[in-house]
>>> print(open('input-v9.cif').read())   # mmCIF, C-alpha atoms
data_run
loop_
_atom_site.label_atom_id
_atom_site.label_comp_id
_atom_site.auth_asym_id
_atom_site.auth_seq_id
_atom_site.Cartn_x
_atom_site.Cartn_y
_atom_site.Cartn_z
CA MET A 1 -39.15 31.98 -38.61
CA TYR A 2 -38.05 32.22 -42.23
CA LYS A 3 -40.07 30.28 -44.82
CA LEU A 4 -38.19 29.02 -47.87
CA PHE A 5 -40.11 28.15 -51.02
CA TRP A 6 -38.13 25.21 -52.28
CA GLU A 7 -37.54 22.61 -54.95
CA ALA A 8 -34.80 19.98 -55.04
CA MET A 9 -31.69 20.77 -57.11
CA SER A 10 -32.64 24.42 -57.44
CA GLY A 11 -31.05 27.63 -56.20
CA ALA A 12 -32.73 26.93 -52.88
CA MET A 13 -29.72 24.76 -52.02
CA VAL A 14 -27.43 27.72 -51.37
CA VAL A 15 -30.10 29.57 -49.38
CA GLU A 16 -30.52 26.51 -47.16
CA LEU A 17 -26.75 26.28 -46.70
CA VAL A 18 -26.60 29.93 -45.66
CA LEU A 19 -29.54 29.56 -43.26
CA GLU A 20 -27.94 26.47 -41.72
CA GLU A 21 -24.57 28.20 -41.32
CA LEU A 22 -26.26 31.25 -39.76
CA GLY A 23 -28.01 28.95 -37.31
CA VAL A 24 -31.45 30.49 -37.79
CA SER A 25 -34.81 28.74 -37.84
CA TYR A 26 -36.53 28.19 -41.16
CA LYS A 27 -39.24 26.06 -42.70
CA ASN A 28 -39.20 24.58 -46.19
CA ILE A 29 -42.32 24.86 -48.33
CA ALA A 30 -42.18 22.65 -51.41
CA VAL A 31 -43.14 24.11 -54.79
CA ASP A 32 -43.99 21.40 -57.35
CA MET A 33 -42.69 23.02 -60.51
CA ALA A 34 -43.12 19.86 -62.59
CA ASN A 35 -46.87 20.18 -62.05
CA GLY A 36 -46.91 23.93 -62.61
CA GLU A 37 -47.39 25.03 -59.01
CA HIS A 38 -44.94 27.89 -59.57
CA ARG A 39 -47.43 29.34 -62.07
CA SER A 40 -50.38 29.13 -59.70
CA GLN A 41 -52.19 32.29 -58.67
CA ASN A 42 -51.24 31.75 -55.04
CA TYR A 43 -47.52 31.39 -55.73
CA LEU A 44 -47.37 34.26 -58.21
CA ALA A 45 -48.95 36.48 -55.56
CA LEU A 46 -45.93 35.71 -53.38
CA ASN A 47 -43.26 35.73 -56.09
CA PRO A 48 -44.36 37.29 -59.41
CA SER A 49 -41.38 35.81 -61.28
CA GLY A 50 -42.70 32.32 -60.59
CA GLN A 51 -39.24 31.10 -59.67
CA VAL A 52 -37.67 29.29 -56.75
CA PRO A 53 -36.14 29.98 -54.38
CA ALA A 54 -38.14 32.63 -52.61
CA LEU A 55 -37.72 33.51 -48.96
CA LYS A 56 -40.51 34.82 -46.75
CA LEU A 57 -39.03 36.97 -44.00
CA PRO A 58 -40.41 36.86 -40.45
CA ASP A 59 -42.18 40.19 -41.10
CA GLY A 60 -44.05 38.71 -44.08
CA ARG A 61 -42.09 40.24 -46.96
CA VAL A 62 -40.94 37.88 -49.72
CA ILE A 63 -37.54 38.08 -51.40
CA GLY A 64 -36.69 36.31 -54.66
CA GLU A 65 -33.37 35.67 -56.48
CA SER A 66 -30.68 33.70 -54.69
CA ALA A 67 -28.07 36.50 -54.59
CA ALA A 68 -30.63 39.01 -53.27
CA ILE A 69 -31.70 36.54 -50.59
CA ILE A 70 -28.09 36.03 -49.48
CA LEU A 71 -27.44 39.77 -49.27
CA THR A 72 -30.69 40.29 -47.36
CA LEU A 73 -29.70 37.62 -44.85
CA GLY A 74 -26.32 39.30 -44.48
CA ASP A 75 -28.00 42.61 -43.69
CA ARG A 76 -30.22 40.92 -41.11
CA HIS A 77 -27.37 39.02 -39.42
CA ILE A 78 -24.51 41.51 -39.52
CA ASP A 79 -22.67 39.82 -36.65
CA GLN A 80 -22.00 36.77 -38.81
CA PRO A 81 -18.82 36.76 -40.98
CA LEU A 82 -20.40 34.52 -43.63
CA ILE A 83 -21.55 37.54 -45.67
CA PRO A 84 -19.12 40.51 -45.53
CA ASN A 85 -20.87 43.70 -44.45
CA ALA A 86 -20.53 47.12 -46.05
CA THR A 87 -17.39 48.04 -44.06
CA ASP A 88 -15.59 44.72 -44.61
CA GLU A 89 -12.58 44.99 -46.93
CA ASP A 90 -13.69 41.77 -48.65
CA ARG A 91 -17.11 43.23 -49.55
CA PRO A 92 -16.32 44.42 -53.13
CA HIS A 93 -14.65 41.10 -54.01
CA PHE A 94 -17.55 39.21 -52.45
CA LEU A 95 -20.16 41.18 -54.38
CA ARG A 96 -18.35 40.78 -57.68
CA TRP A 97 -18.19 37.00 -57.51
CA LEU A 98 -21.59 36.47 -55.91
CA ILE A 99 -23.28 38.35 -58.75
CA TYR A 100 -21.10 36.59 -61.31
CA MET A 101 -22.07 33.15 -60.03
CA ALA A 102 -25.75 34.03 -60.01
CA ALA A 103 -25.76 35.70 -63.43
CA SER A 104 -23.37 33.47 -65.38
CA PRO A 105 -22.89 29.80 -64.38
CA TYR A 106 -26.25 29.58 -62.62
CA MET A 107 -28.02 30.80 -65.76
CA ALA A 108 -25.88 28.55 -67.95
CA PHE A 109 -27.19 25.63 -65.91
CA VAL A 110 -30.74 26.74 -66.73
CA GLN A 111 -29.90 26.41 -70.42
CA PHE A 112 -28.01 23.15 -69.80
CA ASN A 113 -30.99 21.55 -68.04
CA HIS A 114 -33.83 23.22 -69.93
CA PRO A 115 -32.86 24.01 -73.54
CA GLU A 116 -36.57 24.01 -74.39
CA ARG A 117 -36.91 27.31 -72.53
CA PHE A 118 -34.54 28.91 -75.04
CA SER A 119 -35.97 27.49 -78.26
CA SER A 120 -39.25 25.85 -79.21
CA ASP A 121 -37.46 23.99 -82.02
CA PRO A 122 -36.34 20.56 -80.68
CA SER A 123 -33.69 20.29 -83.40
CA THR A 124 -31.74 23.12 -81.70
CA HIS A 125 -31.78 21.66 -78.18
CA LEU A 126 -28.62 19.57 -78.50
CA ASP A 127 -26.67 22.59 -79.76
CA LEU A 128 -28.04 24.68 -76.89
CA LEU A 129 -27.02 22.01 -74.38
CA GLN A 130 -23.50 21.74 -75.81
CA ASN A 131 -23.17 25.52 -75.88
CA ALA A 132 -24.20 25.72 -72.23
CA GLU A 133 -21.72 23.01 -71.21
CA ASN A 134 -18.86 24.75 -73.02
CA ARG A 135 -19.73 28.02 -71.30
CA LEU A 136 -19.91 26.29 -67.92
CA LEU A 137 -16.46 24.77 -68.26
CA SER A 138 -15.02 28.15 -69.25
CA GLN A 139 -16.77 29.81 -66.31
CA PHE A 140 -15.47 27.17 -63.92
CA ASP A 141 -11.96 27.84 -65.23
CA LEU A 142 -12.42 31.50 -64.32
CA LEU A 143 -13.76 30.67 -60.86
CA ASP A 144 -10.91 28.23 -60.24
CA ALA A 145 -8.38 30.98 -60.99
CA ALA A 146 -10.20 33.50 -58.76
CA ILE A 147 -10.10 31.41 -55.58
CA ALA A 148 -7.73 33.16 -53.17
CA GLY A 149 -7.75 30.94 -50.08
CA LYS A 150 -6.94 27.35 -49.23
CA GLY A 151 -10.32 25.72 -49.46
CA SER A 152 -12.14 29.04 -49.48
CA PHE A 153 -12.88 31.69 -52.09
CA LEU A 154 -11.86 34.57 -49.83
CA PRO A 155 -8.27 34.54 -48.54
CA SER A 156 -8.97 33.98 -44.88
CA ARG A 157 -12.42 32.49 -44.21
CA LEU A 158 -15.46 30.59 -45.33
CA SER A 159 -18.08 32.79 -46.94
CA ALA A 160 -21.35 32.45 -48.81
CA LEU A 161 -19.25 32.42 -52.00
CA ASP A 162 -18.01 28.96 -51.06
CA LEU A 163 -21.57 27.81 -50.44
CA TYR A 164 -22.76 29.19 -53.78
CA LEU A 165 -19.82 27.63 -55.61
CA PHE A 166 -20.45 24.32 -53.83
CA MET A 167 -24.02 24.34 -55.12
CA LEU A 168 -22.87 24.96 -58.69
CA LEU A 169 -20.35 22.14 -58.42
CA GLU A 170 -23.07 19.82 -57.13
CA PHE A 171 -25.19 20.71 -60.14
CA TYR A 172 -22.51 19.56 -62.61
CA PRO A 173 -23.08 15.91 -63.59
CA ASP A 174 -19.43 14.87 -64.12
CA GLN A 175 -17.45 16.05 -61.11
CA LYS A 176 -14.52 13.77 -61.95
CA LEU A 177 -14.05 15.63 -65.23
CA LEU A 178 -14.62 18.98 -63.58
CA PHE A 179 -12.04 18.51 -60.84
CA ALA A 180 -9.36 16.82 -62.96
CA SER A 181 -7.71 20.11 -63.90
CA ARG A 182 -9.32 22.48 -61.39
CA GLN A 183 -7.72 21.80 -58.02
CA ASN A 184 -8.97 25.00 -56.39
CA LEU A 185 -12.56 24.04 -57.14
CA LEU A 186 -11.88 20.62 -55.66
CA SER A 187 -10.45 22.13 -52.47
CA VAL A 188 -13.52 24.33 -51.96
CA HIS A 189 -15.86 21.44 -52.65
CA GLN A 190 -14.03 19.22 -50.16
CA ALA A 191 -14.00 21.93 -47.48
CA VAL A 192 -17.72 22.65 -47.78
CA SER A 193 -18.82 19.03 -48.19
CA SER A 194 -17.20 18.17 -44.85
CA ARG A 195 -19.44 20.63 -42.99
CA PRO A 196 -22.58 19.34 -41.20
CA SER A 197 -24.72 21.88 -43.06
CA ALA A 198 -23.64 20.55 -46.45
CA ARG A 199 -24.11 16.90 -45.49
CA LYS A 200 -27.65 17.68 -44.33
CA ILE A 201 -28.65 19.76 -47.34
CA VAL A 202 -27.10 17.50 -49.98
CA ARG A 203 -29.09 14.57 -48.57
CA ARG A 204 -32.22 16.66 -48.95
CA HIS A 205 -31.49 17.59 -52.57
CA LYS A 206 -29.79 14.37 -53.69
CA PRO A 207 -31.21 11.55 -51.58
CA VAL A 208 -29.50 8.19 -51.83
CA ILE A 209 -31.83 5.71 -53.50
#
>>> encode(input="input-v9.cif", output="structure tokens")
Amino acid sequence: MYKLFWEAMSGAMVVELVLEELGVSYKNIAVDMANGEHRSQNYLALNPSGQVPALKLPDGRVIGESAAIILTLGDRHIDQPLIPNATDEDRPHFLRWLIYMAASPYMAFVQFNHPERFSSDPSTHLDLLQNAENRLLSQFDLLDAAIAGKGSFLPSRLSALDLYLFMLLEFYPDQKLLFASRQNLLSVHQAVSSRPSARKIVRRHKPVI
């Protein structure tokens, strides 16, 4: 069984979506980052970066970074079309946009939600937040233009790109604004949100109060 080190509204969301779509067994292990558990000696021994998500493989090895986890799962479940393998013609396109999502909008959300990590001067935090939001909207414009299918990033099928993009869209606080002029993003969000995996995982990350 896989073990996923997890926190709500983190990059663990896409890993859970991938695990659900692959139909493999996994167990969530909560990491209380608000209370500094990610900096504990025990957690750092598993994942020296102190970040979530981290995935413990059945053989005991631990993988960090959401994109690396997705690619590792693809290598371990090569019969599944969710993650194009090395011989798939969609592989280069998949890799380009997976790495882009992980390195650009995902990291912009870190700045958007935690400007204090980028400056110890509180007077700069509003500027950092606004800068991050402007970058996010520009990045979502780029992603909207890159979507090649009808309700899917790749031309012909659902892939982990759609799951990663869905997570990013769920992170954004004003979806009405986001979707107003980005119909391709809306179509992907609608397609993924209708899947049982997404309904299950969104409830876990965004419980209705």
>>> atom_distance(input="input-v9.cif", atom1="atom CA of A:Leu129", atom2="atom CA of A:Pro173")
13.0 Å
>>> closest_residue(input="input-v9.cif", among="A:Ala12, A:Phe5, A:Ala34, A:Asp141", to="A:Asn47", atoms="all atoms listed in the file")
A:Phe5
>>> closest_atom_pairs(input="input-v9.cif", of="stretch 140-170 of chain A", to="stretch 52-67 of chain A", cutoff="12 Å", atoms="only C-alpha atoms", output="CSV")
residue,atom,partner,partner_atom,distance
A:Ala160,CA,A:Ala67,CA,9.7
A:Leu161,CA,A:Ala67,CA,10.1
A:Leu163,CA,A:Ala67,CA,11.6
A:Tyr164,CA,A:Ala67,CA,9.1
A:Met167,CA,A:Ser66,CA,11.5
>>> atom_distance(input="input-v9.cif", atom1="atom CA of A:Leu95", atom2="atom CA of A:Gln51")
22.2 Å
>>> closest_residue(input="input-v9.cif", among="A:Asp144, A:Glu7, A:Asp162, A:Asp127", to="A:Leu178", atoms="only C-alpha atoms")
A:Asp144
>>> atom_distance(input="input-v9.cif", atom1="atom CA of A:Tyr100", atom2="atom CA of A:Gly11")
14.3 Å
>>> closest_residue(input="input-v9.cif", among="A:Phe94, A:Arg76, A:Asp32, A:Leu126", to="A:Tyr2", atoms="all atoms listed in the file")
A:Arg76
>>> resolve_selection(input="input-v9.cif", expression="the PyMOL selection byres ((chain A and resi 172) around 12)", output="ChimeraX atom specification")
/A:9,105-106,108-110,112-113,132-133,136-137,140,165-171,173-179
>>> resolve_selection(input="input-v9.cif", expression="the PyMOL selection byres ((chain A and resi 181-198) around 6)", output="MDAnalysis selection string")
chainID A and resid 20 144 151:152 166 179:180 199:202
>>> closest_residue(input="input-v9.cif", among="A:Leu4, A:Pro115, A:Pro81, A:Val24", to="A:Leu46", atoms="all atoms listed in the file")
A:Leu4
>>> closest_residue(input="input-v9.cif", among="A:Phe153, A:Trp97, A:Gly50, A:Asp79", to="A:Gly36", atoms="all atoms listed in the file")
A:Gly50
>>> closest_residue(input="input-v9.cif", among="A:Lys27, A:Met33, A:Val15, A:Lys150", to="A:Leu73", atoms="only C-alpha atoms")
A:Val15
>>> residues_around(input="input-v9.cif", residues="A:Leu22", least_positions_apart="4", cutoff="8 Å", atoms="all atoms listed in the file", output="list in words")
Val18, His77, Gln80 and Leu82 of chain A
>>> build_atoms(input="input-v9.cif", residues="stretch 32-55 of chain A", atoms="N, CA, C and O atoms", output="short mmCIF file (atom, residue, chain, number, x, y, z; two decimals), keeping the file's coordinate frame")
data_model
loop_
_atom_site.label_atom_id
_atom_site.label_comp_id
_atom_site.auth_asym_id
_atom_site.auth_seq_id
_atom_site.Cartn_x
_atom_site.Cartn_y
_atom_site.Cartn_z
N ASP A 32 -44.05 22.46 -56.34
CA ASP A 32 -43.99 21.40 -57.35
C ASP A 32 -43.99 22.04 -58.74
O ASP A 32 -45.04 22.23 -59.36
N MET A 33 -42.79 22.35 -59.22
CA MET A 33 -42.69 23.02 -60.51
C MET A 33 -43.04 22.10 -61.67
O MET A 33 -43.56 22.54 -62.69
N ALA A 34 -42.79 20.80 -61.51
CA ALA A 34 -43.12 19.86 -62.59
C ALA A 34 -44.61 19.86 -62.89
O ALA A 34 -45.03 19.65 -64.04
N ASN A 35 -45.42 20.13 -61.87
CA ASN A 35 -46.87 20.18 -62.05
C ASN A 35 -47.40 21.60 -62.15
O ASN A 35 -48.62 21.83 -62.05
N GLY A 36 -46.50 22.56 -62.33
CA GLY A 36 -46.91 23.93 -62.61
C GLY A 36 -47.32 24.75 -61.41
O GLY A 36 -47.91 25.82 -61.56
N GLU A 37 -46.97 24.29 -60.19
CA GLU A 37 -47.39 25.03 -59.01
C GLU A 37 -46.77 26.43 -58.95
O GLU A 37 -47.36 27.35 -58.38
N HIS A 38 -45.59 26.58 -59.57
CA HIS A 38 -44.94 27.89 -59.57
C HIS A 38 -45.70 28.90 -60.43
O HIS A 38 -45.44 30.10 -60.33
N ARG A 39 -46.62 28.43 -61.25
CA ARG A 39 -47.43 29.34 -62.07
C ARG A 39 -48.83 29.54 -61.50
O ARG A 39 -49.67 30.19 -62.12
N SER A 40 -49.06 28.99 -60.33
CA SER A 40 -50.38 29.13 -59.70
C SER A 40 -50.59 30.56 -59.22
O SER A 40 -49.64 31.30 -58.95
N GLN A 41 -51.85 30.94 -59.12
CA GLN A 41 -52.19 32.29 -58.67
C GLN A 41 -51.63 32.57 -57.28
O GLN A 41 -51.12 33.66 -57.01
N ASN A 42 -51.70 31.57 -56.42
CA ASN A 42 -51.24 31.75 -55.04
C ASN A 42 -49.73 32.00 -55.00
O ASN A 42 -49.26 32.87 -54.26
N TYR A 43 -48.97 31.21 -55.78
CA TYR A 43 -47.52 31.39 -55.73
C TYR A 43 -47.09 32.68 -56.40
O TYR A 43 -46.21 33.39 -55.91
N LEU A 44 -47.73 33.02 -57.53
CA LEU A 44 -47.37 34.26 -58.21
C LEU A 44 -47.69 35.48 -57.36
O LEU A 44 -47.04 36.52 -57.51
N ALA A 45 -48.66 35.37 -56.48
CA ALA A 45 -48.95 36.48 -55.56
C ALA A 45 -47.80 36.69 -54.59
O ALA A 45 -47.54 37.81 -54.14
N LEU A 46 -47.08 35.60 -54.27
CA LEU A 46 -45.93 35.71 -53.38
C LEU A 46 -44.67 36.12 -54.15
O LEU A 46 -43.90 36.97 -53.68
N ASN A 47 -44.47 35.50 -55.31
CA ASN A 47 -43.26 35.73 -56.09
C ASN A 47 -43.65 35.86 -57.57
O ASN A 47 -43.78 34.85 -58.26
N PRO A 48 -43.84 37.09 -58.05
CA PRO A 48 -44.36 37.29 -59.41
C PRO A 48 -43.50 36.69 -60.52
O PRO A 48 -44.00 36.43 -61.61
N SER A 49 -42.21 36.42 -60.25
CA SER A 49 -41.38 35.81 -61.28
C SER A 49 -41.70 34.33 -61.47
O SER A 49 -41.29 33.72 -62.46
N GLY A 50 -42.38 33.73 -60.50
CA GLY A 50 -42.70 32.32 -60.59
C GLY A 50 -41.51 31.41 -60.43
O GLY A 50 -41.54 30.25 -60.86
N GLN A 51 -40.45 31.89 -59.81
CA GLN A 51 -39.24 31.10 -59.67
C GLN A 51 -39.04 30.64 -58.23
O GLN A 51 -39.66 31.17 -57.29
N VAL A 52 -38.20 29.65 -58.06
CA VAL A 52 -37.67 29.29 -56.75
C VAL A 52 -36.15 29.45 -56.82
O VAL A 52 -35.57 29.27 -57.90
N PRO A 53 -35.55 29.83 -55.70
CA PRO A 53 -36.14 29.98 -54.38
C PRO A 53 -36.80 31.34 -54.18
O PRO A 53 -36.56 32.28 -54.93
N ALA A 54 -37.63 31.37 -53.15
CA ALA A 54 -38.14 32.63 -52.61
C ALA A 54 -38.14 32.49 -51.10
O ALA A 54 -38.40 31.38 -50.58
N LEU A 55 -37.82 33.56 -50.41
CA LEU A 55 -37.72 33.51 -48.96
C LEU A 55 -38.70 34.49 -48.34
O LEU A 55 -38.66 35.69 -48.64
#
